[in-house]
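Shown below: protein_10.pdb, with PDB, C-alpha atoms.
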```
ATOM      1  CA  MET D   1      99.666  86.967  86.049
ATOM      2  CA  HIS D   2     103.216  85.878  85.322
ATOM      3  CA  LEU D   3     105.827  88.475  84.409
ATOM      4  CA  SER D   4     106.297  86.907  80.965
ATOM      5  CA  LYS D   5     102.591  87.465  80.183
ATOM      6  CA  ALA D   6     102.725  91.045  81.456
ATOM      7  CA  LEU D   7     105.776  91.796  79.302
ATOM      8  CA  ALA D   8     104.051  90.293  76.238
ATOM      9  CA  LYS D   9     101.161  92.792  76.399
ATOM     10  CA  PRO D  10     101.188  95.705  73.897
ATOM     11  CA  LYS D  11     103.152  98.688  75.181
ATOM     12  CA  PRO D  12     101.874 102.298  75.056
ATOM     13  CA  LYS D  13     103.908 104.910  73.169
ATOM     14  CA  LEU D  14     106.306 106.706  75.506
ATOM     15  CA  GLN D  15     107.308 110.385  75.462
ATOM     16  CA  ASN D  16     110.949 109.391  74.982
ATOM     17  CA  PRO D  17     111.321 105.967  73.294
ATOM     18  CA  GLU D  18     115.055 105.602  74.109
ATOM     19  CA  LYS D  19     114.372 105.811  77.852
ATOM     20  CA  PHE D  20     111.291 106.139  79.912
ATOM     21  CA  THR D  21     110.803 108.327  82.931
ATOM     22  CA  PHE D  22     108.949 107.405  86.076
ATOM     23  CA  ILE D  23     107.972 108.664  89.499
ATOM     24  CA  ASP D  24     108.018 106.600  92.670
ATOM     25  CA  LEU D  25     105.235 107.486  95.141
ATOM     26  CA  PHE D  26     104.919 106.049  98.667
ATOM     27  CA  ALA D  27     108.409 104.830  97.864
ATOM     28  CA  GLY D  28     109.393 103.244 101.166
ATOM     29  CA  ILE D  29     113.003 102.151 100.727
ATOM     30  CA  GLY D  30     112.643 101.838  96.943
ATOM     31  CA  GLY D  31     111.821  98.187  96.283
ATOM     32  CA  MET D  32     109.269  98.901  93.550
ATOM     33  CA  ARG D  33     111.727 101.153  91.741
ATOM     34  CA  ILE D  34     114.493  98.595  91.207
ATOM     35  CA  PRO D  35     113.126  96.687  88.160
ATOM     36  CA  PHE D  36     112.289  99.957  86.401
ATOM     37  CA  ASP D  37     115.841 101.229  86.926
ATOM     38  CA  GLU D  38     117.086  97.885  85.565
ATOM     39  CA  LEU D  39     114.905  98.309  82.457
ATOM     40  CA  GLY D  40     116.614 101.642  81.718
ATOM     41  CA  GLY D  41     114.043 103.961  83.258
ATOM     42  CA  LYS D  42     114.966 107.238  84.874
ATOM     43  CA  CYS D  43     113.322 108.166  88.164
ATOM     44  CA  VAL D  44     112.492 111.898  88.001
ATOM     45  CA  PHE D  45     110.663 112.199  91.347
ATOM     46  CA  SER D  46     110.128 110.165  94.474
ATOM     47  CA  SER D  47     108.080 110.741  97.595
ATOM     48  CA  GLU D  48     108.078 109.094 101.028
ATOM     49  CA  TRP D  49     106.993 110.677 104.299
ATOM     50  CA  ASP D  50     108.830 108.391 106.759
ATOM     51  CA  LYS D  51     112.253 109.904 107.565
ATOM     52  CA  PHE D  52     113.893 106.540 108.292
ATOM     53  CA  ALA D  53     112.683 105.135 104.983
ATOM     54  CA  GLN D  54     113.923 108.355 103.312
ATOM     55  CA  ASP D  55     117.371 107.773 104.849
ATOM     56  CA  THR D  56     117.511 104.217 103.474
ATOM     57  CA  TYR D  57     116.156 105.272 100.062
ATOM     58  CA  GLU D  58     118.807 107.995  99.856
ATOM     59  CA  SER D  59     121.492 105.459 100.755
ATOM     60  CA  ASN D  60     120.155 103.044  98.117
ATOM     61  CA  PHE D  61     119.641 105.501  95.226
ATOM     62  CA  GLY D  62     121.681 108.635  95.920
ATOM     63  CA  HIS D  63     118.817 111.075  96.341
ATOM     64  CA  ARG D  64     116.369 111.778  99.128
ATOM     65  CA  PRO D  65     112.653 111.419  98.361
ATOM     66  CA  SER D  66     110.426 114.435  98.842
ATOM     67  CA  GLY D  67     108.191 114.229 101.901
ATOM     68  CA  ASP D  68     104.429 114.137 102.406
ATOM     69  CA  ILE D  69     102.768 113.862  98.987
ATOM     70  CA  THR D  70      99.678 115.726 100.218
ATOM     71  CA  GLU D  71     101.849 118.836 100.572
ATOM     72  CA  ILE D  72     103.524 118.635  97.142
ATOM     73  CA  PRO D  73     101.689 120.407  94.304
ATOM     74  CA  SER D  74     101.221 118.222  91.215
ATOM     75  CA  LYS D  75     102.682 120.948  88.993
ATOM     76  CA  SER D  76     106.007 120.725  90.866
ATOM     77  CA  ILE D  77     106.428 117.066  89.857
ATOM     78  CA  ASP D  78     108.354 116.482  86.615
ATOM     79  CA  ARG D  79     106.623 115.019  83.557
ATOM     80  CA  HIS D  80     106.867 111.240  83.434
ATOM     81  CA  ASP D  81     105.876 108.231  81.356
ATOM     82  CA  LEU D  82     105.072 105.933  84.275
ATOM     83  CA  LEU D  83     103.663 106.499  87.757
ATOM     84  CA  LEU D  84     104.543 103.892  90.397
ATOM     85  CA  GLY D  85     102.561 103.912  93.616
ATOM     86  CA  GLY D  86     102.390 101.409  96.435
ATOM     87  CA  PHE D  87      99.840 103.429  98.354
ATOM     88  CA  PRO D  88      99.261 102.633 102.050
ATOM     89  CA  CYS D  89      97.367  99.411 102.670
ATOM     90  CA  GLN D  90      96.526  99.582 106.379
ATOM     91  CA  ALA D  91      93.065 101.036 105.686
ATOM     92  CA  PHE D  92      92.142  97.986 103.573
ATOM     93  CA  SER D  93      94.122  95.097 105.084
ATOM     94  CA  LEU D  94      93.005  92.342 107.416
ATOM     95  CA  ALA D  95      95.481  93.653 109.997
ATOM     96  CA  GLY D  96      94.095  97.204 109.875
ATOM     97  CA  LEU D  97      90.826  98.748 111.000
ATOM     98  CA  LYS D  98      89.347  98.479 107.462
ATOM     99  CA  LYS D  99      88.086 102.092 107.447
ATOM    100  CA  GLY D 100      88.994 102.473 103.763
ATOM    101  CA  PHE D 101      88.587 106.015 102.476
ATOM    102  CA  PHE D 102      87.593 107.192 105.953
ATOM    103  CA  ASP D 103      91.138 106.471 107.170
ATOM    104  CA  THR D 104      93.569 109.151 105.973
ATOM    105  CA  ARG D 105      95.975 106.431 104.810
ATOM    106  CA  GLY D 106      93.171 105.073 102.632
ATOM    107  CA  THR D 107      92.788 108.387 100.830
ATOM    108  CA  MET D 108      96.307 108.404  99.386
ATOM    109  CA  PHE D 109      94.835 106.957  96.192
ATOM    110  CA  PHE D 110      93.267 110.394  95.601
ATOM    111  CA  GLU D 111      96.753 111.948  95.685
ATOM    112  CA  ILE D 112      97.735 109.525  92.907
ATOM    113  CA  GLN D 113      94.591 110.499  91.007
ATOM    114  CA  ARG D 114      95.408 114.223  91.149
ATOM    115  CA  ILE D 115      98.918 113.577  89.788
ATOM    116  CA  LEU D 116      97.493 111.417  86.986
ATOM    117  CA  VAL D 117      95.068 114.246  86.126
ATOM    118  CA  GLU D 118      97.895 116.803  85.978
ATOM    119  CA  HIS D 119     100.484 114.769  84.054
ATOM    120  CA  ARG D 120      98.539 112.068  82.148
ATOM    121  CA  PRO D 121     101.461 109.602  81.984
ATOM    122  CA  ALA D 122     101.240 106.783  79.433
ATOM    123  CA  MET D 123     100.806 104.213  82.195
ATOM    124  CA  PHE D 124     100.764 103.580  85.904
ATOM    125  CA  LEU D 125     101.335 100.666  88.246
ATOM    126  CA  LEU D 126      99.587 100.682  91.613
ATOM    127  CA  GLU D 127     100.231  98.106  94.306
ATOM    128  CA  ASN D 128      98.198  97.254  97.404
ATOM    129  CA  VAL D 129      97.032  94.285  99.469
ATOM    130  CA  LYS D 130      94.784  91.631  97.931
ATOM    131  CA  GLN D 131      92.075  92.507 100.484
ATOM    132  CA  LEU D 132      91.491  95.749  98.556
ATOM    133  CA  ARG D 133      89.445  93.624  96.111
ATOM    134  CA  GLY D 134      86.861  92.713  98.737
ATOM    135  CA  HIS D 135      86.998  95.790 100.954
ATOM    136  CA  ASP D 136      83.517  97.207 101.617
ATOM    137  CA  GLY D 137      81.932  94.510  99.485
ATOM    138  CA  GLY D 138      84.145  95.435  96.505
ATOM    139  CA  ARG D 139      82.909  99.050  96.429
ATOM    140  CA  THR D 140      86.311 100.567  97.301
ATOM    141  CA  LEU D 141      88.111  98.941  94.375
ATOM    142  CA  ASP D 142      85.133  99.674  92.117
ATOM    143  CA  THR D 143      85.375 103.376  93.039
ATOM    144  CA  ILE D 144      89.125 103.427  92.339
ATOM    145  CA  LYS D 145      88.629 101.683  88.997
ATOM    146  CA  LYS D 146      85.767 103.999  87.963
ATOM    147  CA  ILE D 147      87.848 107.087  88.773
ATOM    148  CA  LEU D 148      90.799 105.805  86.740
ATOM    149  CA  GLU D 149      88.550 104.876  83.805
ATOM    150  CA  GLY D 150      86.785 108.258  83.852
ATOM    151  CA  HIS D 151      83.238 107.223  84.736
ATOM    152  CA  ALA D 152      81.029 110.194  85.598
ATOM    153  CA  ASP D 153      78.953 108.386  88.230
ATOM    154  CA  VAL D 154      81.580 108.296  90.997
ATOM    155  CA  ASP D 155      80.489 110.012  94.197
ATOM    156  CA  VAL D 156      83.107 110.588  96.887
ATOM    157  CA  PRO D 157      81.525 111.942 100.098
ATOM    158  CA  ASP D 158      82.671 115.367 101.290
ATOM    159  CA  ASP D 159      83.790 113.924 104.630
ATOM    160  CA  VAL D 160      86.427 111.681 103.019
ATOM    161  CA  PRO D 161      89.714 113.383 104.028
ATOM    162  CA  MET D 162      92.006 114.489 101.189
ATOM    163  CA  SER D 163      94.040 117.497 100.071
ATOM    164  CA  LEU D 164      92.212 120.390  98.441
ATOM    165  CA  GLU D 165      94.074 119.763  95.177
ATOM    166  CA  ALA D 166      92.961 116.109  95.207
ATOM    167  CA  ARG D 167      89.339 117.096  95.891
ATOM    168  CA  LYS D 168      89.372 119.615  92.997
ATOM    169  CA  SER D 169      90.924 117.093  90.612
ATOM    170  CA  LEU D 170      88.010 114.682  91.130
ATOM    171  CA  GLY D 171      86.036 116.894  88.730
ATOM    172  CA  LYS D 172      88.529 116.163  85.935
ATOM    173  CA  ARG D 173      88.116 112.884  84.096
ATOM    174  CA  LEU D 174      90.781 110.310  83.457
ATOM    175  CA  ASP D 175      90.498 107.761  80.641
ATOM    176  CA  TYR D 176      92.767 104.833  81.448
ATOM    177  CA  SER D 177      92.257 101.192  80.646
ATOM    178  CA  VAL D 178      92.565  99.373  83.975
ATOM    179  CA  GLY D 179      93.537  95.786  84.576
ATOM    180  CA  ILE D 180      93.623  94.239  88.031
ATOM    181  CA  GLU D 181      95.764  91.243  88.892
ATOM    182  CA  VAL D 182      96.447  89.495  92.162
ATOM    183  CA  ILE D 183     100.036  88.336  91.961
ATOM    184  CA  LYS D 184     101.369  85.635  94.263
ATOM    185  CA  ALA D 185     104.934  85.742  95.496
ATOM    186  CA  THR D 186     107.033  82.904  94.096
TER     187      THR D 186
END
```
What is this file in structure tokens?
Amino acid sequence: MHLSKALAKPKPKLQNPEKFTFIDLFAGIGGMRIPFDELGGKCVFSSEWDKFAQDTYESNFGHRPSGDITEIPSKSIDRHDLLLGGFPCQAFSLAGLKKGFFDTRGTMFFEIQRILVEHRPAMFLLENVKQLRGHDGGRTLDTIKKILEGHADVDVPDDVPMSLEARKSLGKRLDYSVGIEVIKAT
């Protein structure tokens, strides 16, 4: 999908129409944040566990991201209109071991889910590798999509590692409309 088409889609109503607020999860050095700052958004929370990436992010944006998202209660995160999350891809990529949800890095989606359950922002943007579409015969992406759309028939095995708060939030339904696009760099 081209950016012009994405921008032409109907926009959800925001909490504060003059400005929108967003959070930046798995922030790295902040690359995903830049266009949302440029559009007038205000970042109210960021999280990144790598201390060197935190140093660079702080240098780039003037504040240091919080650390490991699995240790940050959802209630301590400010309300926001938009959740940004480039959750770790190694568990799904061709270069990784392809363990999916059975690799702790692959379970970071469930941390996003628990924050969505708590705050119910108007929208979210998640980014990952294109191989997520075909991982485990498409079942991984199907599970993610079903959770975001609020389907009751999603079963996540007990041995999938995740925080206690994330596990408890799986019992609460979301109701988002989900679109999936593979975007090529130009």
**Message:** Ranking D:Asp37, D:Glu71, D:Asp175, D:Asp24 by minimum distance to D:Leu126 and counting all atoms listed in the file, which one comes first?
**Reply:**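 Nearest to D:Leu126: D:Asp24.
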**Message:** When you count all atoms listed in the file, which of these residues is closest to D:Glu58: D:Gly28, D:Arg105, D:Glu165, D:Ile183?
**Reply:**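 Nearest candidate to D:Glu58 out of D:Gly28, D:Arg105, D:Glu165, D:Ile183: D:Gly28.
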**Request:** Report the distance between atom CA of D:Ile144 and atom CA of D:His80 in Å, rounded to one decimal place.
**Result:** 21.3 Å
**Message:** So that I can see what lies close to stretch 107-118 of chain D, please list as a PyMOL selection string the residues with an atom at most 10 Å from it, counting all atoms listed in the file and leaving out residues fewer than 6 positions away in the same chain.
**Reply:** chain D and resi 25-26+69-75+77+79+82-89+91+100-101+124+126+144+147-148+160-176
**Separation of atom CA of D:Glu48 from atom CA of D:Ile23, in Å and rounded to one decimal** = 11.5 Å
**Request:** Choose the residue, out of D:Asp81, D:Thr56, D:Gly137, D:Trp49, that has the smallest atom-to-atom separation from D:Phe20; count all atoms listed in the file.
**Result:**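 Looking at the shortest contact to D:Phe20, the residue is D:Asp81.
The gap separating atom CA of D:Lys19 from atom CA of D:Gly40 is 6.1 Å, in Å to one decimal.
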**Request:** Carefully work through the PyMOL selection byres ((chain D and resi 34) around 12) for this structure and note down the residues it includes, as a VMD selection string.
**Result:** chain D and resid 22 24 27 29 to 33 35 to 43 57 60 to 61 84
**Prompt:** At a cut-off of 9 Å from (111.5, 115.2, 103.9) in the coordinates of the file, what residues are picked up using all atoms listed in the file, written as number ranges by chain?
**Reply:** D: 47-51, 54, 64-68
First collect every listed atom of stretch 162-172 of chain D; then fit an axis-aligned box around them, widen it by 8 Å on each side, and give centre and edge lengths in Å to one decimal, as AutoDock Vina command-line options.
```
--center_x 90.1 --center_y 117.4 --center_z 93.6 --size_x 24.0 --size_y 21.9 --size_z 31.3
```
**Asked** Taking into account only C-alpha atoms, which residue in the set D:Lys98, D:Glu149, D:Ala122, D:Gly106 is nearest to D:His135?
**Response**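 Going through D:Lys98, D:Glu149, D:Ala122, D:Gly106 one by one, the smallest distance to D:His135 is for D:Lys98.
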